[in-house]
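Have a look at entry-v8.pdb below; it lists PDB, C-alpha atoms, pLDDT in the B column.
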```pdb
MODEL        1
ATOM      1  CA  MET A   2      67.268 105.095  86.857  1.00 43.00           C
ATOM      2  CA  SER A   3      66.976 104.912  90.660  1.00 50.00           C
ATOM      3  CA  THR A   4      68.580 107.603  92.777  1.00 52.00           C
ATOM      4  CA  PRO A   5      71.927 106.419  94.232  1.00 53.00           C
ATOM      5  CA  ALA A   6      72.193 106.457  98.002  1.00 50.00           C
ATOM      6  CA  TYR A   7      74.828 109.177  97.835  1.00 51.00           C
ATOM      7  CA  ALA A   8      72.726 111.481  95.632  1.00 52.00           C
ATOM      8  CA  ARG A   9      70.271 113.513  97.662  1.00 52.00           C
ATOM      9  CA  PRO A  10      68.653 116.122  95.404  1.00 50.00           C
ATOM     10  CA  THR A  11      68.242 119.603  96.824  1.00 52.00           C
ATOM     11  CA  ARG A  12      66.318 122.668  95.689  1.00 52.00           C
ATOM     12  CA  ARG A  13      68.734 125.156  97.185  1.00 55.00           C
ATOM     13  CA  ARG A  14      69.313 128.196  94.996  1.00 57.00           C
ATOM     14  CA  PRO A  15      72.811 128.731  93.625  1.00 54.00           C
ATOM     15  CA  PRO A  16      74.572 131.934  94.725  1.00 51.00           C
ATOM     16  CA  ALA A  17      73.926 134.913  92.454  1.00 45.00           C
ATOM     17  CA  HIS A  18      77.554 136.039  92.550  1.00 40.00           C
ATOM     18  CA  PRO A  19      79.884 133.117  93.238  1.00 50.00           C
ATOM     19  CA  ALA A  20      82.967 134.143  95.146  1.00 59.00           C
ATOM     20  CA  SER A  21      86.061 132.279  96.265  1.00 72.00           C
ATOM     21  CA  PRO A  22      84.910 129.147  98.105  1.00 92.00           C
ATOM     22  CA  LEU A  23      87.145 129.987 101.067  1.00 94.00           C
ATOM     23  CA  ASP A  24      85.281 132.522 103.200  1.00 94.00           C
ATOM     24  CA  PRO A  25      87.826 134.730 105.001  1.00 93.00           C
ATOM     25  CA  ASP A  26      85.128 135.745 107.479  1.00 95.00           C
ATOM     26  CA  GLU A  27      84.350 132.179 108.541  1.00 97.00           C
ATOM     27  CA  THR A  28      85.862 131.612 111.961  1.00 97.00           C
ATOM     28  CA  PRO A  29      88.145 128.613 112.533  1.00 97.00           C
ATOM     29  CA  ARG A  30      85.540 127.171 114.900  1.00 97.00           C
ATOM     30  CA  ALA A  31      82.732 127.582 112.379  1.00 98.00           C
ATOM     31  CA  ARG A  32      84.843 126.048 109.596  1.00 98.00           C
ATOM     32  CA  THR A  33      85.732 123.103 111.801  1.00 98.00           C
ATOM     33  CA  ARG A  34      82.094 122.498 112.723  1.00 98.00           C
ATOM     34  CA  ARG A  35      81.022 122.704 109.073  1.00 98.00           C
ATOM     35  CA  ALA A  36      83.874 120.443 107.964  1.00 98.00           C
ATOM     36  CA  ARG A  37      83.033 117.809 110.546  1.00 98.00           C
ATOM     37  CA  ARG A  38      79.368 117.922 109.585  1.00 98.00           C
ATOM     38  CA  MET A  39      80.339 117.368 105.953  1.00 98.00           C
ATOM     39  CA  ALA A  40      82.721 114.573 106.941  1.00 98.00           C
ATOM     40  CA  ARG A  41      79.930 112.817 108.846  1.00 98.00           C
ATOM     41  CA  GLU A  42      77.615 113.149 105.871  1.00 97.00           C
ATOM     42  CA  LEU A  43      80.258 111.725 103.537  1.00 97.00           C
ATOM     43  CA  ALA A  44      80.333 108.624 105.751  1.00 97.00           C
ATOM     44  CA  VAL A  45      76.591 108.232 105.159  1.00 96.00           C
ATOM     45  CA  LEU A  46      76.819 108.963 101.431  1.00 95.00           C
ATOM     46  CA  HIS A  47      79.706 106.581 100.747  1.00 96.00           C
ATOM     47  CA  PRO A  48      79.503 103.619 103.123  1.00 95.00           C
ATOM     48  CA  ASP A  49      81.376 101.505 100.568  1.00 94.00           C
ATOM     49  CA  ALA A  50      84.438 103.774 100.432  1.00 96.00           C
ATOM     50  CA  HIS A  51      87.711 101.847 100.501  1.00 96.00           C
ATOM     51  CA  CYS A  52      91.162 101.637  98.944  1.00 96.00           C
ATOM     52  CA  GLU A  53      90.542 100.604  95.351  1.00 95.00           C
ATOM     53  CA  LEU A  54      94.006  99.177  94.792  1.00 97.00           C
ATOM     54  CA  ASP A  55      94.184  95.410  95.286  1.00 97.00           C
ATOM     55  CA  PHE A  56      96.869  94.240  97.724  1.00 98.00           C
ATOM     56  CA  THR A  57      97.600  91.571 100.305  1.00 97.00           C
ATOM     57  CA  ASN A  58     100.497  93.225 102.138  1.00 98.00           C
ATOM     58  CA  ALA A  59     102.320  96.521 102.577  1.00 98.00           C
ATOM     59  CA  PHE A  60     104.844  95.763  99.817  1.00 98.00           C
ATOM     60  CA  GLU A  61     102.114  95.133  97.240  1.00 98.00           C
ATOM     61  CA  LEU A  62     100.230  98.282  98.242  1.00 98.00           C
ATOM     62  CA  LEU A  63     103.385 100.389  98.103  1.00 98.00           C
ATOM     63  CA  VAL A  64     104.285  99.213  94.595  1.00 98.00           C
ATOM     64  CA  ALA A  65     100.684  99.465  93.369  1.00 98.00           C
ATOM     65  CA  THR A  66     100.392 103.035  94.654  1.00 97.00           C
ATOM     66  CA  VAL A  67     103.591 104.066  92.879  1.00 96.00           C
ATOM     67  CA  LEU A  68     102.268 102.477  89.670  1.00 96.00           C
ATOM     68  CA  SER A  69      98.920 104.284  89.988  1.00 95.00           C
ATOM     69  CA  ALA A  70     100.450 107.655  89.060  1.00 90.00           C
ATOM     70  CA  GLN A  71      98.762 109.032  85.927  1.00 90.00           C
ATOM     71  CA  THR A  72      96.678 105.931  85.370  1.00 93.00           C
ATOM     72  CA  THR A  73      93.601 104.327  86.940  1.00 92.00           C
ATOM     73  CA  ASP A  74      93.408 101.963  89.876  1.00 94.00           C
ATOM     74  CA  LYS A  75      91.515  99.608  87.586  1.00 94.00           C
ATOM     75  CA  THR A  76      94.473  99.445  85.190  1.00 96.00           C
ATOM     76  CA  VAL A  77      96.936  98.867  88.021  1.00 97.00           C
ATOM     77  CA  ASN A  78      94.767  96.056  89.393  1.00 97.00           C
ATOM     78  CA  LYS A  79      94.950  94.319  86.017  1.00 97.00           C
ATOM     79  CA  VAL A  80      98.758  94.498  85.989  1.00 97.00           C
ATOM     80  CA  THR A  81      99.719  93.667  89.564  1.00 98.00           C
ATOM     81  CA  PRO A  82      98.625  89.987  89.661  1.00 98.00           C
ATOM     82  CA  ALA A  83     101.208  89.085  87.012  1.00 97.00           C
ATOM     83  CA  LEU A  84     103.760  91.445  88.555  1.00 98.00           C
ATOM     84  CA  PHE A  85     103.527  89.979  92.052  1.00 98.00           C
ATOM     85  CA  ALA A  86     103.287  86.406  90.794  1.00 97.00           C
ATOM     86  CA  LYS A  87     106.704  86.895  89.218  1.00 97.00           C
ATOM     87  CA  TYR A  88     108.180  89.254  91.801  1.00 98.00           C
ATOM     88  CA  PRO A  89     106.423  88.556  95.125  1.00 98.00           C
ATOM     89  CA  ASP A  90     108.769  90.446  97.440  1.00 98.00           C
ATOM     90  CA  PRO A  91     111.410  93.214  97.442  1.00 98.00           C
ATOM     91  CA  VAL A  92     114.280  90.773  96.934  1.00 98.00           C
ATOM     92  CA  ALA A  93     112.687  89.280  93.823  1.00 98.00           C
ATOM     93  CA  LEU A  94     111.712  92.672  92.422  1.00 98.00           C
ATOM     94  CA  ALA A  95     115.154  94.149  93.091  1.00 97.00           C
ATOM     95  CA  GLY A  96     116.642  91.469  90.850  1.00 96.00           C
ATOM     96  CA  ALA A  97     114.028  91.766  88.104  1.00 97.00           C
ATOM     97  CA  ASP A  98     115.011  91.798  84.446  1.00 95.00           C
ATOM     98  CA  ARG A  99     114.286  95.327  83.257  1.00 95.00           C
ATOM     99  CA  ALA A 100     112.897  94.273  79.876  1.00 96.00           C
ATOM    100  CA  ASP A 101     110.518  91.793  81.486  1.00 96.00           C
ATOM    101  CA  LEU A 102     109.460  94.324  84.078  1.00 97.00           C
ATOM    102  CA  GLU A 103     108.802  97.022  81.482  1.00 97.00           C
ATOM    103  CA  GLU A 104     106.690  94.613  79.459  1.00 97.00           C
ATOM    104  CA  ILE A 105     104.495  93.878  82.478  1.00 97.00           C
ATOM    105  CA  LEU A 106     104.158  97.563  83.364  1.00 97.00           C
ATOM    106  CA  LYS A 107     103.511  98.813  79.839  1.00 96.00           C
ATOM    107  CA  PRO A 108      99.693  99.104  80.229  1.00 96.00           C
ATOM    108  CA  THR A 109     100.120 101.573  83.107  1.00 96.00           C
ATOM    109  CA  GLY A 110     101.836 104.181  80.932  1.00 93.00           C
ATOM    110  CA  PHE A 111     105.222 105.812  81.528  1.00 94.00           C
ATOM    111  CA  PHE A 112     106.390 102.251  82.032  1.00 95.00           C
ATOM    112  CA  ARG A 113     110.113 102.965  81.725  1.00 95.00           C
ATOM    113  CA  ALA A 114     110.007 105.597  84.451  1.00 95.00           C
ATOM    114  CA  LYS A 115     107.810 103.366  86.596  1.00 95.00           C
ATOM    115  CA  ALA A 116     110.191 100.451  86.100  1.00 96.00           C
ATOM    116  CA  ASN A 117     113.002 102.697  87.354  1.00 95.00           C
ATOM    117  CA  SER A 118     110.923 103.668  90.385  1.00 95.00           C
ATOM    118  CA  VAL A 119     109.893 100.184  91.464  1.00 96.00           C
ATOM    119  CA  LEU A 120     113.369  98.749  90.854  1.00 97.00           C
ATOM    120  CA  GLY A 121     114.922 101.532  92.925  1.00 96.00           C
ATOM    121  CA  LEU A 122     112.195 101.126  95.522  1.00 97.00           C
ATOM    122  CA  ALA A 123     112.802  97.381  95.867  1.00 98.00           C
ATOM    123  CA  GLN A 124     116.570  97.828  96.009  1.00 98.00           C
ATOM    124  CA  ALA A 125     116.240 100.469  98.720  1.00 98.00           C
ATOM    125  CA  LEU A 126     113.960  98.207 100.761  1.00 98.00           C
ATOM    126  CA  VAL A 127     116.498  95.380 100.539  1.00 98.00           C
ATOM    127  CA  GLU A 128     119.562  97.519 101.212  1.00 97.00           C
ATOM    128  CA  ARG A 129     118.205  99.822 103.903  1.00 97.00           C
ATOM    129  CA  PHE A 130     115.214  98.111 105.489  1.00 98.00           C
ATOM    130  CA  ASP A 131     116.051  94.396 105.360  1.00 97.00           C
ATOM    131  CA  GLY A 132     113.444  93.809 102.683  1.00 97.00           C
ATOM    132  CA  GLU A 133     110.591  95.149 104.827  1.00 97.00           C
ATOM    133  CA  VAL A 134     108.346  98.127 104.150  1.00 98.00           C
ATOM    134  CA  PRO A 135     108.917 100.649 106.952  1.00 98.00           C
ATOM    135  CA  GLY A 136     105.904 101.824 108.919  1.00 97.00           C
ATOM    136  CA  ARG A 137     107.032 105.416 109.416  1.00 97.00           C
ATOM    137  CA  MET A 138     106.415 108.445 107.204  1.00 97.00           C
ATOM    138  CA  ALA A 139     110.007 109.647 107.683  1.00 97.00           C
ATOM    139  CA  ASP A 140     111.350 106.395 106.250  1.00 98.00           C
ATOM    140  CA  LEU A 141     108.799 105.878 103.493  1.00 97.00           C
ATOM    141  CA  VAL A 142     109.407 109.246 101.855  1.00 96.00           C
ATOM    142  CA  THR A 143     113.101 108.422 101.419  1.00 96.00           C
ATOM    143  CA  LEU A 144     112.202 105.627  98.986  1.00 95.00           C
ATOM    144  CA  PRO A 145     112.331 106.259  95.203  1.00 91.00           C
ATOM    145  CA  GLY A 146     108.977 107.365  93.804  1.00 89.00           C
ATOM    146  CA  VAL A 147     107.391 107.745  97.246  1.00 95.00           C
ATOM    147  CA  GLY A 148     105.989 111.072  98.432  1.00 95.00           C
ATOM    148  CA  ARG A 149     103.638 111.930 101.276  1.00 96.00           C
ATOM    149  CA  LYS A 150     100.551 110.913  99.303  1.00 96.00           C
ATOM    150  CA  THR A 151     101.872 107.414  98.634  1.00 97.00           C
ATOM    151  CA  ALA A 152     103.210 107.110 102.168  1.00 98.00           C
ATOM    152  CA  ASN A 153      99.826 108.037 103.647  1.00 98.00           C
ATOM    153  CA  VAL A 154      98.089 105.441 101.472  1.00 98.00           C
ATOM    154  CA  VAL A 155     100.437 102.746 102.772  1.00 98.00           C
ATOM    155  CA  LEU A 156     100.391 103.888 106.381  1.00 98.00           C
ATOM    156  CA  GLY A 157      96.620 104.193 106.504  1.00 98.00           C
ATOM    157  CA  ASN A 158      95.673 101.026 104.658  1.00 98.00           C
ATOM    158  CA  ALA A 159      98.498  98.604 105.437  1.00 98.00           C
ATOM    159  CA  PHE A 160      99.620  99.735 108.891  1.00 98.00           C
ATOM    160  CA  GLY A 161      96.494 101.314 110.361  1.00 97.00           C
ATOM    161  CA  VAL A 162      98.256 104.634 110.903  1.00 98.00           C
ATOM    162  CA  PRO A 163      95.829 107.506 110.110  1.00 97.00           C
ATOM    163  CA  GLY A 164      96.800 109.536 107.057  1.00 96.00           C
ATOM    164  CA  LEU A 165      95.265 112.005 104.597  1.00 98.00           C
ATOM    165  CA  THR A 166      95.724 111.090 100.938  1.00 96.00           C
ATOM    166  CA  VAL A 167      95.852 114.375  99.036  1.00 97.00           C
ATOM    167  CA  ASP A 168      95.375 113.267  95.439  1.00 94.00           C
ATOM    168  CA  THR A 169      93.785 115.257  92.604  1.00 92.00           C
ATOM    169  CA  HIS A 170      90.221 114.509  93.693  1.00 94.00           C
ATOM    170  CA  PHE A 171      90.910 115.256  97.358  1.00 97.00           C
ATOM    171  CA  GLY A 172      92.581 118.598  96.665  1.00 97.00           C
ATOM    172  CA  ARG A 173      89.851 119.692  94.261  1.00 97.00           C
ATOM    173  CA  LEU A 174      87.046 118.875  96.673  1.00 98.00           C
ATOM    174  CA  VAL A 175      88.441 120.385  99.864  1.00 98.00           C
ATOM    175  CA  ARG A 176      89.084 123.609  97.949  1.00 97.00           C
ATOM    176  CA  ARG A 177      85.517 123.549  96.650  1.00 97.00           C
ATOM    177  CA  PHE A 178      84.330 122.891 100.192  1.00 98.00           C
ATOM    178  CA  GLY A 179      86.015 126.147 101.222  1.00 97.00           C
ATOM    179  CA  TRP A 180      88.309 124.409 103.680  1.00 98.00           C
ATOM    180  CA  THR A 181      91.520 125.680 102.092  1.00 97.00           C
ATOM    181  CA  ALA A 182      92.671 127.834  99.190  1.00 96.00           C
ATOM    182  CA  ASP A 183      96.078 126.204  98.888  1.00 95.00           C
ATOM    183  CA  GLU A 184      97.208 124.144  95.893  1.00 95.00           C
ATOM    184  CA  ASP A 185     100.283 122.678  97.585  1.00 96.00           C
ATOM    185  CA  PRO A 186      99.408 119.129  98.740  1.00 96.00           C
ATOM    186  CA  VAL A 187     101.516 119.376 101.905  1.00 96.00           C
ATOM    187  CA  LYS A 188      99.767 122.588 102.985  1.00 97.00           C
ATOM    188  CA  VAL A 189      96.373 121.115 102.093  1.00 98.00           C
ATOM    189  CA  GLU A 190      97.141 118.041 104.184  1.00 98.00           C
ATOM    190  CA  ALA A 191      98.143 120.149 107.180  1.00 98.00           C
ATOM    191  CA  GLN A 192      95.073 122.385 106.973  1.00 98.00           C
ATOM    192  CA  VAL A 193      92.579 119.557 106.570  1.00 98.00           C
ATOM    193  CA  ALA A 194      94.276 117.712 109.438  1.00 98.00           C
ATOM    194  CA  GLU A 195      93.193 120.583 111.691  1.00 98.00           C
ATOM    195  CA  LEU A 196      89.549 120.132 110.674  1.00 98.00           C
ATOM    196  CA  VAL A 197      88.990 116.372 110.699  1.00 98.00           C
ATOM    197  CA  PRO A 198      89.670 114.109 113.702  1.00 98.00           C
ATOM    198  CA  LYS A 199      92.875 112.123 113.251  1.00 98.00           C
ATOM    199  CA  ARG A 200      91.164 108.770 113.799  1.00 97.00           C
ATOM    200  CA  ASP A 201      89.043 109.440 110.689  1.00 98.00           C
ATOM    201  CA  TRP A 202      91.782 110.581 108.282  1.00 98.00           C
ATOM    202  CA  THR A 203      92.175 107.366 106.288  1.00 98.00           C
ATOM    203  CA  MET A 204      88.488 106.640 105.743  1.00 98.00           C
ATOM    204  CA  PHE A 205      87.735 110.315 105.223  1.00 98.00           C
ATOM    205  CA  SER A 206      90.266 110.339 102.371  1.00 98.00           C
ATOM    206  CA  HIS A 207      88.552 107.382 100.711  1.00 97.00           C
ATOM    207  CA  ARG A 208      85.139 109.028 101.041  1.00 98.00           C
ATOM    208  CA  VAL A 209      86.301 112.317  99.542  1.00 98.00           C
ATOM    209  CA  ILE A 210      87.924 110.482  96.635  1.00 96.00           C
ATOM    210  CA  PHE A 211      84.757 108.451  96.053  1.00 96.00           C
ATOM    211  CA  HIS A 212      82.705 111.659  96.075  1.00 97.00           C
ATOM    212  CA  GLY A 213      85.085 113.259  93.590  1.00 96.00           C
ATOM    213  CA  ARG A 214      84.828 110.288  91.245  1.00 94.00           C
ATOM    214  CA  ARG A 215      81.082 109.864  91.491  1.00 95.00           C
ATOM    215  CA  VAL A 216      79.518 113.260  92.109  1.00 97.00           C
ATOM    216  CA  CYS A 217      81.827 116.289  92.313  1.00 97.00           C
ATOM    217  CA  HIS A 218      83.535 115.933  88.933  1.00 96.00           C
ATOM    218  CA  ALA A 219      86.317 118.218  87.794  1.00 95.00           C
ATOM    219  CA  LYS A 220      84.550 119.614  84.723  1.00 93.00           C
ATOM    220  CA  LYS A 221      80.900 119.479  85.765  1.00 94.00           C
ATOM    221  CA  ALA A 222      79.889 118.820  89.351  1.00 97.00           C
ATOM    222  CA  ALA A 223      76.495 117.195  89.963  1.00 97.00           C
ATOM    223  CA  CYS A 224      75.467 119.921  92.417  1.00 97.00           C
ATOM    224  CA  GLY A 225      71.726 119.240  92.244  1.00 96.00           C
ATOM    225  CA  ALA A 226      72.285 115.613  93.239  1.00 96.00           C
ATOM    226  CA  CYS A 227      74.865 116.214  95.958  1.00 97.00           C
ATOM    227  CA  GLY A 228      74.181 115.381  99.568  1.00 96.00           C
ATOM    228  CA  LEU A 229      76.695 118.001 100.718  1.00 97.00           C
ATOM    229  CA  ALA A 230      75.028 120.927  98.924  1.00 96.00           C
ATOM    230  CA  ARG A 231      73.657 122.669 102.000  1.00 96.00           C
ATOM    231  CA  TRP A 232      77.147 123.105 103.468  1.00 97.00           C
ATOM    232  CA  CYS A 233      79.116 123.661 100.259  1.00 97.00           C
ATOM    233  CA  PRO A 234      80.024 127.215  99.194  1.00 97.00           C
ATOM    234  CA  SER A 235      80.671 125.976  95.640  1.00 97.00           C
ATOM    235  CA  TYR A 236      77.090 124.860  95.136  1.00 96.00           C
ATOM    236  CA  GLY A 237      76.030 126.045  91.685  1.00 95.00           C
ATOM    237  CA  ILE A 238      79.270 125.426  89.775  1.00 96.00           C
ATOM    238  CA  GLY A 239      77.440 122.517  88.142  1.00 96.00           C
ATOM    239  CA  PRO A 240      73.785 121.885  87.241  1.00 97.00           C
ATOM    240  CA  THR A 241      71.474 122.457  90.203  1.00 96.00           C
ATOM    241  CA  ASP A 242      68.395 120.886  88.646  1.00 96.00           C
ATOM    242  CA  PRO A 243      68.131 117.463  90.337  1.00 95.00           C
ATOM    243  CA  GLU A 244      67.201 115.595  87.174  1.00 95.00           C
ATOM    244  CA  ALA A 245      69.987 117.157  85.118  1.00 96.00           C
ATOM    245  CA  ALA A 246      72.510 116.652  87.919  1.00 96.00           C
ATOM    246  CA  LEU A 247      71.516 113.045  88.484  1.00 95.00           C
ATOM    247  CA  LYS A 248      72.517 112.239  84.908  1.00 95.00           C
ATOM    248  CA  LEU A 249      76.080 113.231  85.817  1.00 96.00           C
ATOM    249  CA  VAL A 250      76.334 110.940  88.840  1.00 95.00           C
ATOM    250  CA  ARG A 251      78.492 107.928  88.155  1.00 91.00           C
ATOM    251  CA  THR A 252      77.746 104.496  89.434  1.00 74.00           C
ATOM    252  CA  PRO A 253      80.419 102.704  91.488  1.00 66.00           C
ATOM    253  CA  ALA A 254      81.231 100.488  88.502  1.00 49.00           C
ATOM    254  CA  ALA A 255      81.797 103.469  86.240  1.00 43.00           C
ATOM    255  CA  SER A 256      83.601 105.700  88.743  1.00 41.00           C
ATOM    256  CA  ASP A 257      86.545 103.358  89.216  1.00 44.00           C
ATOM    257  CA  THR A 258      87.756 104.148  85.720  1.00 39.00           C
ATOM    258  CA  GLU A 259      88.756 107.722  86.608  1.00 45.00           C
TER
ENDMDL
END
```

Encoded form using structure tokens:
Amino acid sequence: MSTPAYARPTRRRPPAHPASPLDPDETPRARTRRARRMARELAVLHPDAHCELDFTNAFELLVATVLSAQTTDKTVNKVTPALFAKYPDPVALAGADRADLEEILKPTGFFRAKANSVLGLAQALVERFDGEVPGRMADLVTLPGVGRKTANVVLGNAFGVPGLTVDTHFGRLVRRFGWTADEDPVKVEAQVAELVPKRDWTMFSHRVIFHGRRVCHAKKAACGACGLARWCPSYGIGPTDPEAALKLVRTPAASDTE
């Protein structure tokens, strides 16, 4: 097995007494410099990072992101072609037959609740926004099933407005990086926004998510095959032996199933 481009083995020793990843003695300036160095390295490690939901316009991305809750992007991408062929715009989706809609959404799980969300979403777009997806955070979060995470996905990838997507992977990694100790996504978003240049927020989010899927796994991080090891205070929570760690690294084809 060849070493993936994003896996750079290191021989750094793990800390003898792991402490909280967030160092209270690290100055804001030092944390910012470390964070930006890690962000630059993530760009090198994951040059293929991108939004893994398939879409052709803001409406499709908005619906797909709502459907991606508690399922994989891969599953959503299998469902949305049939969904958008039948309901290509908010007007069509707002008038969808519930039974037909639920049948299409069934593979994504929680399909009844998701049917409620996308029906309400489409109806709100028609009634309040003339059938157009708004390009402002303040408007997007008023739509059924849409929170800041979903809004940032849409703003960043469909409108080119920088946004930080604080999903499960993102939150886990920035806490491991020692950038924040907060669990609340809104607080995490605000704190990371102070560390990473605004112009980079959207792509940075994709890169962190890719790293979480491929290398820094929830249960066993591939520390010994991680290109961020030298700057990461959580180094050692997973195997540090390069060969053992490399076995945990997921290929792009495998990582999109998480």

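Running the PyMOL selection byres ((chain A and resi 68) around 9) on this file leaves Leu63, Val64, Ala65, Thr66, Val67, Ser69, Ala70, Gln71, Thr72, Asp74, Val77, Leu106, Thr109, Gly110, Phe112, Lys115, Ala116, Ser118 and Val119 of chain A selected.
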
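With atom CA of A:Arg35 on one side and atom CA of A:Asp49 on the other, the separation reads 22.8 Å.
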
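For the pair atom CA of A:Cys227 and atom CA of A:His170, the separation is 15.6 Å.
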
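Atom CA of A:His218 is positioned 25.6 Å from atom CA of A:Pro198.
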
Selection dump of the PyMOL selection byres ((chain A and resi 176) around 12), as a ChimeraX atom specification: /A:21-24,36,167,169-175,177-186,188-190,192-193,209,213,217,219,233-235

Excluding stretch 145-159 of chain A and its own-chain neighbours fewer than 3 positions away, which residues fall within 8 Å of it when counting only C-alpha atoms? Please give them as a tab-separated table (two decimals) with C-alpha atoms, keeping the file's coordinate frame.
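To be explicit, this is the file written out as result.tsv:
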```tsv
chain	number	residue	atom	x	y	z
A	52	CYS	CA	91.16	101.64	98.94
A	58	ASN	CA	100.50	93.22	102.14
A	59	ALA	CA	102.32	96.52	102.58
A	62	LEU	CA	100.23	98.28	98.24
A	63	LEU	CA	103.38	100.39	98.10
A	66	THR	CA	100.39	103.04	94.65
A	67	VAL	CA	103.59	104.07	92.88
A	118	SER	CA	110.92	103.67	90.38
A	119	VAL	CA	109.89	100.18	91.46
A	121	GLY	CA	114.92	101.53	92.92
A	122	LEU	CA	112.20	101.13	95.52
A	125	ALA	CA	116.24	100.47	98.72
A	136	GLY	CA	105.90	101.82	108.92
A	137	ARG	CA	107.03	105.42	109.42
A	138	MET	CA	106.42	108.44	107.20
A	141	LEU	CA	108.80	105.88	103.49
A	142	VAL	CA	109.41	109.25	101.86
A	162	VAL	CA	98.26	104.63	110.90
A	163	PRO	CA	95.83	107.51	110.11
A	164	GLY	CA	96.80	109.54	107.06
A	165	LEU	CA	95.26	112.00	104.60
A	166	THR	CA	95.72	111.09	100.94
A	167	VAL	CA	95.85	114.38	99.04
A	168	ASP	CA	95.38	113.27	95.44
A	187	VAL	CA	101.52	119.38	101.90
A	203	THR	CA	92.18	107.37	106.29
```

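Every residue that the PyMOL selection byres ((chain A and resi 222) around 10) selects in this file is listed here: A:Gly213, A:Arg215, A:Val216, A:Cys217, A:His218, A:Ala219, A:Lys220, A:Lys221, A:Ala223, A:Cys224, A:Gly225, A:Ala226, A:Cys227, A:Ser235, A:Tyr236, A:Gly237, A:Ile238, A:Gly239, A:Pro240, A:Thr241, A:Ala246, A:Leu249, A:Val250.
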
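Counting all atoms listed in the file, A:Ala100 has the following residues at most 12 Å away, ignoring those fewer than 3 positions along the same chain: A:Gly96, A:Ala97, A:Glu103, A:Glu104, A:Ile105, A:Leu106, A:Lys107, A:Phe112, A:Arg113, A:Ala116, A:Asn117, A:Leu120.
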
Got time to write the residues from that selection, C-alpha atoms, as a compact mmCIF listing (two decimals), in the frame of the given file?
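File result.txt, as written:
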```
# COMPACT_ATOMS: atom_id res chain seq x y z
CA GLY A 96 116.64 91.47 90.85
CA ALA A 97 114.03 91.77 88.10
CA GLU A 103 108.80 97.02 81.48
CA GLU A 104 106.69 94.61 79.46
CA ILE A 105 104.50 93.88 82.48
CA LEU A 106 104.16 97.56 83.36
CA LYS A 107 103.51 98.81 79.84
CA PHE A 112 106.39 102.25 82.03
CA ARG A 113 110.11 102.96 81.72
CA ALA A 116 110.19 100.45 86.10
CA ASN A 117 113.00 102.70 87.35
CA LEU A 120 113.37 98.75 90.85
```

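The closest residue to A:Phe56, picked from A:Leu196, A:Leu102, A:Leu84, A:Ala123 and counting only C-alpha atoms, is A:Leu84.
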
Find the residues near A:Asp131: any atom within 10 Å, counting only C-alpha atoms, skip ones fewer than 6 places away on the same chain, and give them as a PyMOL selection string. chain A and resi 91-92+124-125

Among listed residues A:Glu61, A:Ala44, A:Leu247, A:Glu27, nearest A:Ser206 (using all atoms listed in the file): A:Ala44

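Comparing A:Asp242, A:Glu42, A:Glu128, A:Glu53 by their smallest distance to A:Leu144, the closest is A:Glu128 (using all atoms listed in the file).
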
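In terms of minimum interatomic distance to A:Phe60, A:Leu126 ranks closest within A:Val80, A:Ala86, A:Leu229, A:Leu126, counting all atoms listed in the file.
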